[in-house]
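Report on the following structure.
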Amino acid sequence: MGRVLVARLDSLGDVLLAGPAVRAVANGRQPDGSQSNYVAMLCGRQGEAAAAMLPGVGEVYSWDSPWIMNPAPQMTGSHADRLIDYVRNSRITEAVILTSFHQSPLPLALLLRLAGVERISGASTDYAGSLLDVRLRPGEDIPEDQPEAERALGIARAAGFQLPRGDDGKLRVHSVPDVMDLVGEGPYVVVHPGAAVPARAWPPLHHAAAVELLAGAGHRVVVTGGPAEMSLTATVAGPSAQDLGGRTDLRTLAGVLAGADAVVTGNTGPAHLAAAVGTPVVCLFSPVVPAVRWAPYGVPLELLGDQNAACRLTRARICPVPGHPCLDSVSPEDVMQAVERLIGGVASLSTHASTRLGTRRKDRSP
């Protein structure tokens, strides 16, 4: 059994989207798993909890990357040595570096070479010299306008790794708990109003109005959010919804999302977590990044928001257009109708949707 490092150094959602690639690396170079590998997942602190939930991951090592994190840590000798020492002591001989189109694998590849890693694979626009043994050239060897999960899996396949027989390549997490004691009995819809950056946020009062409409239409609504979002979730939940703000860690949140008929959220980590547990998503998607790459993958989807707004493809964290028209143009009624379509099994799938998106009914198995 080989020891392979899989690296995805940015956020929770990015790590979840790496799941199919991780399973391919863990399975090895034969569909029957006869050459399986022990996978060490390298991620930043934001992705650590998600990495621990990915099938195929044997261990997780957290290291804050100075060229990925925002704000970025200082790149010092001792900071680099911490990673190099971990890799050496872990007897890792091969690495697969997963990046998005705007990221380079080369800084990490350099550190891994210094740690003695013999074979490194990644996608790089820049000449990689001796830093990569398997180099995919974005836009030439690997298409850029494809879902991020498929891009990552493409890098793993180029390294020679294959998904197990019968693996559909969708997102997946393990050890999803039963949370009935937290959410109660009966069907419900989850509304997750928080967003990591303001450019991707729908206004709180729009969320609150959508909750009222959903409740008025007979849906039980559960509002989720982290400890820093408790004021937001209280505003959104109001008197009509159950407020779970600050009451869930990532694993518990997975259980809450798994039990929902549909999830309403922005382009956030929980959107990808919902996809990983097979729950349909109404995604309020700001086009600062392309939906073809970053929309929830592999589940029935309603994609809302003006994808041709002036902020398109800017990767802005703060909306550069007065009035935030890409999302503010979406009404609470639009959201309620999208939820109704998903629950009714007539979702209007986004432009990257394919036959692999499946049906509304979920497989609850981990």
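Letters for chains follow the order of the structure tokens (A, B, ...), residue numbers begin at 1 for each chain, and ligand numbers begin at 1 in the order shown.
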**Request:** Name the residues of segment 38-113 of chain A that come out as strand (DSSP E) in a backbone DSSP run; write them as a list in words.
**Result:** Tyr38, Val39, Ala40, Met41, Leu42, Cys43, Val57, Gly58, Glu59, Val60, Tyr61, Ser62, Glu94, Ala95, Val96 and Ile97 of chain A
**Prompt:** Tell me, which residues of segment 108-210 of chain A carry DSSP helix (DSSP H, G or I), written as a PyMOL selection string?
**Reply:** chain A and resi 108-114+148-158+180-183+198-200+204-210
Neighbours of Arg82 of chain A within 12 Å (only C-alpha atoms; same-chain residues fewer than 4 positions away dropped), as a JSON list (two decimals) with all heavy atoms, in the first residue's frame?
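Done, and the output landed in out32.json:
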```json
[["chain", "number", "residue", "atom", "x", "y", "z"],
["A", 61, "TYR", "N", -3.79, 16.56, 7.69],
["A", 61, "TYR", "CA", -2.77, 17.46, 8.22],
["A", 61, "TYR", "C", -3.11, 18.88, 7.77],
["A", 61, "TYR", "O", -3.32, 19.15, 6.59],
["A", 61, "TYR", "CB", -1.38, 17.09, 7.72],
["A", 61, "TYR", "CG", -0.29, 17.89, 8.39],
["A", 61, "TYR", "CD1", 0.05, 17.66, 9.72],
["A", 61, "TYR", "CD2", 0.38, 18.89, 7.70],
["A", 61, "TYR", "CE1", 1.04, 18.40, 10.35],
["A", 61, "TYR", "CE2", 1.37, 19.63, 8.31],
["A", 61, "TYR", "CZ", 1.69, 19.38, 9.64],
["A", 61, "TYR", "OH", 2.67, 20.13, 10.26],
["A", 62, "SER", "N", -3.19, 19.79, 8.74],
["A", 62, "SER", "CA", -3.57, 21.17, 8.47],
["A", 62, "SER", "C", -2.34, 22.05, 8.43],
["A", 62, "SER", "O", -1.52, 22.04, 9.37],
["A", 62, "SER", "CB", -4.55, 21.64, 9.55],
["A", 62, "SER", "OG", -4.92, 22.99, 9.32],
["A", 63, "TRP", "N", -2.22, 22.82, 7.36],
["A", 63, "TRP", "CA", -1.10, 23.74, 7.18],
["A", 63, "TRP", "C", -1.60, 24.95, 6.41],
["A", 63, "TRP", "O", -2.14, 24.82, 5.32],
["A", 63, "TRP", "CB", 0.03, 23.05, 6.43],
["A", 63, "TRP", "CG", 1.30, 23.86, 6.30],
["A", 63, "TRP", "CD1", 2.25, 24.06, 7.25],
["A", 63, "TRP", "CD2", 1.76, 24.55, 5.13],
["A", 63, "TRP", "NE1", 3.27, 24.84, 6.76],
["A", 63, "TRP", "CE2", 3.00, 25.15, 5.45],
["A", 63, "TRP", "CE3", 1.24, 24.72, 3.84],
["A", 63, "TRP", "CZ2", 3.73, 25.90, 4.54],
["A", 63, "TRP", "CZ3", 1.97, 25.47, 2.93],
["A", 63, "TRP", "CH2", 3.19, 26.05, 3.27],
["A", 64, "ASP", "N", -1.45, 26.13, 6.99],
["A", 64, "ASP", "CA", -1.97, 27.35, 6.37],
["A", 64, "ASP", "C", -1.02, 27.85, 5.29],
["A", 64, "ASP", "O", 0.12, 28.23, 5.57],
["A", 64, "ASP", "CB", -2.18, 28.44, 7.43],
["A", 64, "ASP", "CG", -3.32, 28.11, 8.37],
["A", 64, "ASP", "OD1", -4.16, 27.25, 8.00],
["A", 64, "ASP", "OD2", -3.39, 28.70, 9.46],
["A", 65, "SER", "N", -1.51, 27.85, 4.06],
["A", 65, "SER", "CA", -0.68, 28.19, 2.92],
["A", 65, "SER", "C", -0.55, 29.70, 2.76],
["A", 65, "SER", "O", -1.56, 30.40, 2.63],
["A", 65, "SER", "CB", -1.28, 27.59, 1.64],
["A", 65, "SER", "OG", -0.66, 28.15, 0.51],
["A", 75, "MET", "N", 5.50, 33.61, 5.32],
["A", 75, "MET", "CA", 6.25, 32.46, 4.85],
["A", 75, "MET", "C", 7.64, 32.52, 5.46],
["A", 75, "MET", "O", 8.53, 33.23, 4.97],
["A", 75, "MET", "CB", 6.33, 32.44, 3.32],
["A", 75, "MET", "CG", 6.96, 31.18, 2.76],
["A", 75, "MET", "SD", 6.09, 29.70, 3.30],
["A", 75, "MET", "CE", 6.93, 28.44, 2.38],
["A", 76, "THR", "N", 7.83, 31.80, 6.52],
["A", 76, "THR", "CA", 9.11, 31.75, 7.21],
["A", 76, "THR", "C", 9.73, 30.37, 7.06],
["A", 76, "THR", "O", 9.04, 29.40, 6.68],
["A", 76, "THR", "CB", 8.93, 32.06, 8.70],
["A", 76, "THR", "OG1", 8.10, 31.03, 9.29],
["A", 76, "THR", "CG2", 8.27, 33.43, 8.91],
["A", 77, "GLY", "N", 11.00, 30.27, 7.40],
["A", 77, "GLY", "CA", 11.65, 28.97, 7.34],
["A", 77, "GLY", "C", 11.02, 27.96, 8.25],
["A", 77, "GLY", "O", 10.83, 26.79, 7.88],
["A", 78, "SER", "N", 10.64, 28.40, 9.45],
["A", 78, "SER", "CA", 10.03, 27.47, 10.40],
["A", 78, "SER", "C", 8.65, 27.01, 9.93],
["A", 78, "SER", "O", 8.26, 25.86, 10.16],
["A", 78, "SER", "CB", 9.95, 28.11, 11.78],
["A", 78, "SER", "OG", 9.15, 29.29, 11.74],
["A", 86, "TYR", "N", 6.67, 17.12, 8.40],
["A", 86, "TYR", "CA", 5.52, 16.21, 8.42],
["A", 86, "TYR", "C", 5.58, 15.23, 7.25],
["A", 86, "TYR", "O", 5.39, 14.02, 7.41],
["A", 86, "TYR", "CB", 4.21, 17.00, 8.37],
["A", 86, "TYR", "CG", 3.03, 16.13, 8.01],
["A", 86, "TYR", "CD1", 2.49, 15.24, 8.94],
["A", 86, "TYR", "CD2", 2.50, 16.16, 6.72],
["A", 86, "TYR", "CE1", 1.44, 14.40, 8.59],
["A", 86, "TYR", "CE2", 1.45, 15.33, 6.36],
["A", 86, "TYR", "CZ", 0.91, 14.45, 7.30],
["A", 86, "TYR", "OH", -0.11, 13.62, 6.96],
["A", 87, "VAL", "N", 5.85, 15.75, 6.06],
["A", 87, "VAL", "CA", 5.87, 14.89, 4.87],
["A", 87, "VAL", "C", 6.98, 13.86, 4.97],
["A", 87, "VAL", "O", 6.78, 12.67, 4.68],
["A", 87, "VAL", "CB", 6.01, 15.76, 3.60],
["A", 87, "VAL", "CG1", 6.17, 14.88, 2.36],
["A", 87, "VAL", "CG2", 4.78, 16.66, 3.43],
["A", 88, "ARG", "N", 8.14, 14.27, 5.39],
["A", 88, "ARG", "CA", 9.26, 13.32, 5.55],
["A", 88, "ARG", "C", 8.93, 12.23, 6.56],
["A", 88, "ARG", "O", 9.13, 11.04, 6.31],
["A", 88, "ARG", "CB", 10.51, 14.07, 5.98],
["A", 88, "ARG", "CG", 11.22, 14.82, 4.88],
["A", 88, "ARG", "CD", 12.40, 15.58, 5.43],
["A", 88, "ARG", "NE", 13.15, 16.26, 4.37],
["A", 88, "ARG", "CZ", 13.97, 17.27, 4.59],
["A", 88, "ARG", "NH1", 14.16, 17.71, 5.83],
["A", 88, "ARG", "NH2", 14.62, 17.84, 3.59],
["A", 89, "ASN", "N", 8.42, 12.64, 7.70],
["A", 89, "ASN", "CA", 8.14, 11.68, 8.77],
["A", 89, "ASN", "C", 6.98, 10.75, 8.43],
["A", 89, "ASN", "O", 6.85, 9.66, 9.01],
["A", 89, "ASN", "CB", 7.84, 12.42, 10.07],
["A", 89, "ASN", "CG", 9.05, 13.16, 10.61],
["A", 89, "ASN", "OD1", 10.18, 12.79, 10.32],
["A", 89, "ASN", "ND2", 8.82, 14.22, 11.38],
["A", 111, "LEU", "N", 8.07, 22.69, -2.11],
["A", 111, "LEU", "CA", 8.23, 22.22, -0.72],
["A", 111, "LEU", "C", 8.19, 20.71, -0.64],
["A", 111, "LEU", "O", 8.94, 20.09, 0.13],
["A", 111, "LEU", "CB", 7.15, 22.84, 0.16],
["A", 111, "LEU", "CG", 7.21, 24.36, 0.34],
["A", 111, "LEU", "CD1", 6.04, 24.85, 1.18],
["A", 111, "LEU", "CD2", 8.53, 24.79, 0.97],
["A", 112, "LEU", "N", 7.32, 20.09, -1.43],
["A", 112, "LEU", "CA", 7.23, 18.63, -1.40],
["A", 112, "LEU", "C", 8.49, 17.98, -1.97],
["A", 112, "LEU", "O", 8.92, 16.92, -1.49],
["A", 112, "LEU", "CB", 5.99, 18.17, -2.16],
["A", 112, "LEU", "CG", 4.64, 18.61, -1.57],
["A", 112, "LEU", "CD1", 3.49, 18.11, -2.44],
["A", 112, "LEU", "CD2", 4.48, 18.10, -0.14],
["A", 115, "ALA", "N", 10.93, 17.92, 0.62],
["A", 115, "ALA", "CA", 10.60, 16.88, 1.61],
["A", 115, "ALA", "C", 10.88, 15.48, 1.11],
["A", 115, "ALA", "O", 10.69, 14.51, 1.84],
["A", 115, "ALA", "CB", 9.13, 17.01, 2.00]]
```
**Item:** Computed interatomic separation between atom CA of Pro177 of chain A and atom CA of Cys283 of chain A (Å)
**Value:** 24.0 Å
Extract, using only C-alpha atoms, all DNA, RNA and protein residues at most 9 Å from Arg251 of chain A, discarding same-chain residues fewer than 2 positions from it, and format them as a JSON list (two decimals) with C-alpha atoms, in the first residue's frame.
```json
[["chain", "number", "residue", "atom", "x", "y", "z"],
["A", 49, "ALA", "CA", -13.26, 19.41, 9.37],
["A", 50, "ALA", "CA", -14.44, 18.67, 5.83],
["A", 53, "MET", "CA", -15.39, 13.53, 6.60],
["A", 175, "SER", "CA", -20.48, 9.33, 9.47],
["A", 176, "VAL", "CA", -23.49, 11.61, 8.97],
["A", 177, "PRO", "CA", -25.36, 11.61, 12.30],
["A", 248, "THR", "CA", -24.17, 22.74, 14.80],
["A", 249, "ASP", "CA", -20.62, 21.73, 13.98],
["A", 253, "LEU", "CA", -24.85, 20.33, 10.01],
["A", 254, "ALA", "CA", -24.39, 17.47, 7.53],
["A", 255, "GLY", "CA", -27.07, 15.56, 9.44],
["A", 256, "VAL", "CA", -29.43, 18.54, 9.37]]
```
Using only C-alpha atoms, find each residue of segment 10-118 of chain A with at least one atom at most 12 Å away from an atom of segment 190-204 of chain A; report its shortest atom-to-atom pair and that distance in Å (one decimal), sort the rows by chain and rising residue number, and return the result as JSON lines.
```
{"residue": "A:Ser11", "atom": "CA", "partner": "A:Ala196", "partner_atom": "CA", "distance": 9.8}
{"residue": "A:Leu12", "atom": "CA", "partner": "A:Ala196", "partner_atom": "CA", "distance": 10.6}
{"residue": "A:Gly13", "atom": "CA", "partner": "A:Ala196", "partner_atom": "CA", "distance": 10.8}
{"residue": "A:Gln46", "atom": "CA", "partner": "A:Ala196", "partner_atom": "CA", "distance": 11.1}
{"residue": "A:Asn70", "atom": "CA", "partner": "A:Val197", "partner_atom": "CA", "distance": 11.4}
```
**For Asp145 of chain A: contacts at 10 Å, only C-alpha atoms, fewer than 2 positions along chain excluded, given as a PyMOL selection string** = chain A and resi 101+139+142-143+147-148+151+290-293+352
With only C-alpha atoms counted and 12 Å as the cut-off, give the residues of segment 79-184 of chain A in contact with segment 217-233 of chain A, each with its shortest interatomic distance in Å and the pair that gives it, as a tab-separated table.
```
residue	atom	partner	partner_atom	distance
A:Leu182	CA	A:Val222	CA	10.3
A:Val183	CA	A:Val222	CA	7.5
A:Gly184	CA	A:Val222	CA	10.2
```
**All residues 10 Å or closer to segment 323-338 of chain A, only C-alpha atoms, same chain fewer than 4 positions away omitted, as a ChimeraX atom specification** = /A:198-203,205-215,217,262,264,266,281-288,301-312,318-319,342-344,346-348
**Asked** Using only C-alpha atoms, which of the listed residues (A:Val299, A:Thr314, A:Gly33, A:Leu83) sits closest to Arg165 of chain A?
**Response**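 Of all the options, A:Gly33 lies closest to Arg165 of chain A.
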**Request:** Choose the residue, out of A:Glu150, A:Glu140, A:Asp181, A:Asp261, that has the smallest atom-to-atom separation from Val22 of chain A; count only C-alpha atoms.
**Result:** A:Glu150
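Between atom CA of Glu144 of chain A and atom CA of Ser100 of chain A lies a distance of 9.0 Å.
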**Asked** Between atom CA of Tyr297 of chain A and atom CA of Leu163 of chain A, what is the distance, to one decimal in Å?
**Response**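 Computing the Euclidean distance for atom CA of Tyr297 of chain A and atom CA of Leu163 of chain A yields 17.2 Å.
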**Message:** Can you tell me which residues surround Ile97 of chain A at a distance of at most 7 Å, considering only C-alpha atoms, apart from same-chain residues fewer than 5 positions away, and format the answer as a ChimeraX atom specification?
**Reply:** /A:6-8,105,121-122
Include N, CA and C atoms and write out the residues we just selected as an mmCIF file, in the first residue's frame.
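Once everything was written out, this is result00.cif:
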```
data_model
loop_
_atom_site.group_PDB
_atom_site.id
_atom_site.type_symbol
_atom_site.label_atom_id
_atom_site.label_comp_id
_atom_site.auth_asym_id
_atom_site.auth_seq_id
_atom_site.Cartn_x
_atom_site.Cartn_y
_atom_site.Cartn_z
ATOM 1 N N VAL A 6 -2.744 13.999 -0.807
ATOM 2 C CA VAL A 6 -3.648 14.771 -1.655
ATOM 3 C C VAL A 6 -3.799 16.137 -1.018
ATOM 4 N N ALA A 7 -3.509 17.184 -1.771
ATOM 5 C CA ALA A 7 -3.521 18.543 -1.237
ATOM 6 C C ALA A 7 -4.662 19.348 -1.827
ATOM 7 N N ARG A 8 -5.426 19.994 -0.933
ATOM 8 C CA ARG A 8 -6.397 21.017 -1.332
ATOM 9 C C ARG A 8 -6.380 22.049 -0.214
ATOM 10 N N PRO A 105 0.137 25.083 -8.525
ATOM 11 C CA PRO A 105 0.611 24.018 -7.639
ATOM 12 C C PRO A 105 2.107 24.113 -7.350
ATOM 13 N N SER A 121 1.939 15.278 -9.073
ATOM 14 C CA SER A 121 1.048 15.580 -10.198
ATOM 15 C C SER A 121 0.245 16.841 -9.901
ATOM 16 N N GLY A 122 -0.009 17.633 -10.945
ATOM 17 C CA GLY A 122 -0.822 18.834 -10.775
ATOM 18 C C GLY A 122 -1.100 19.480 -12.113
#
```
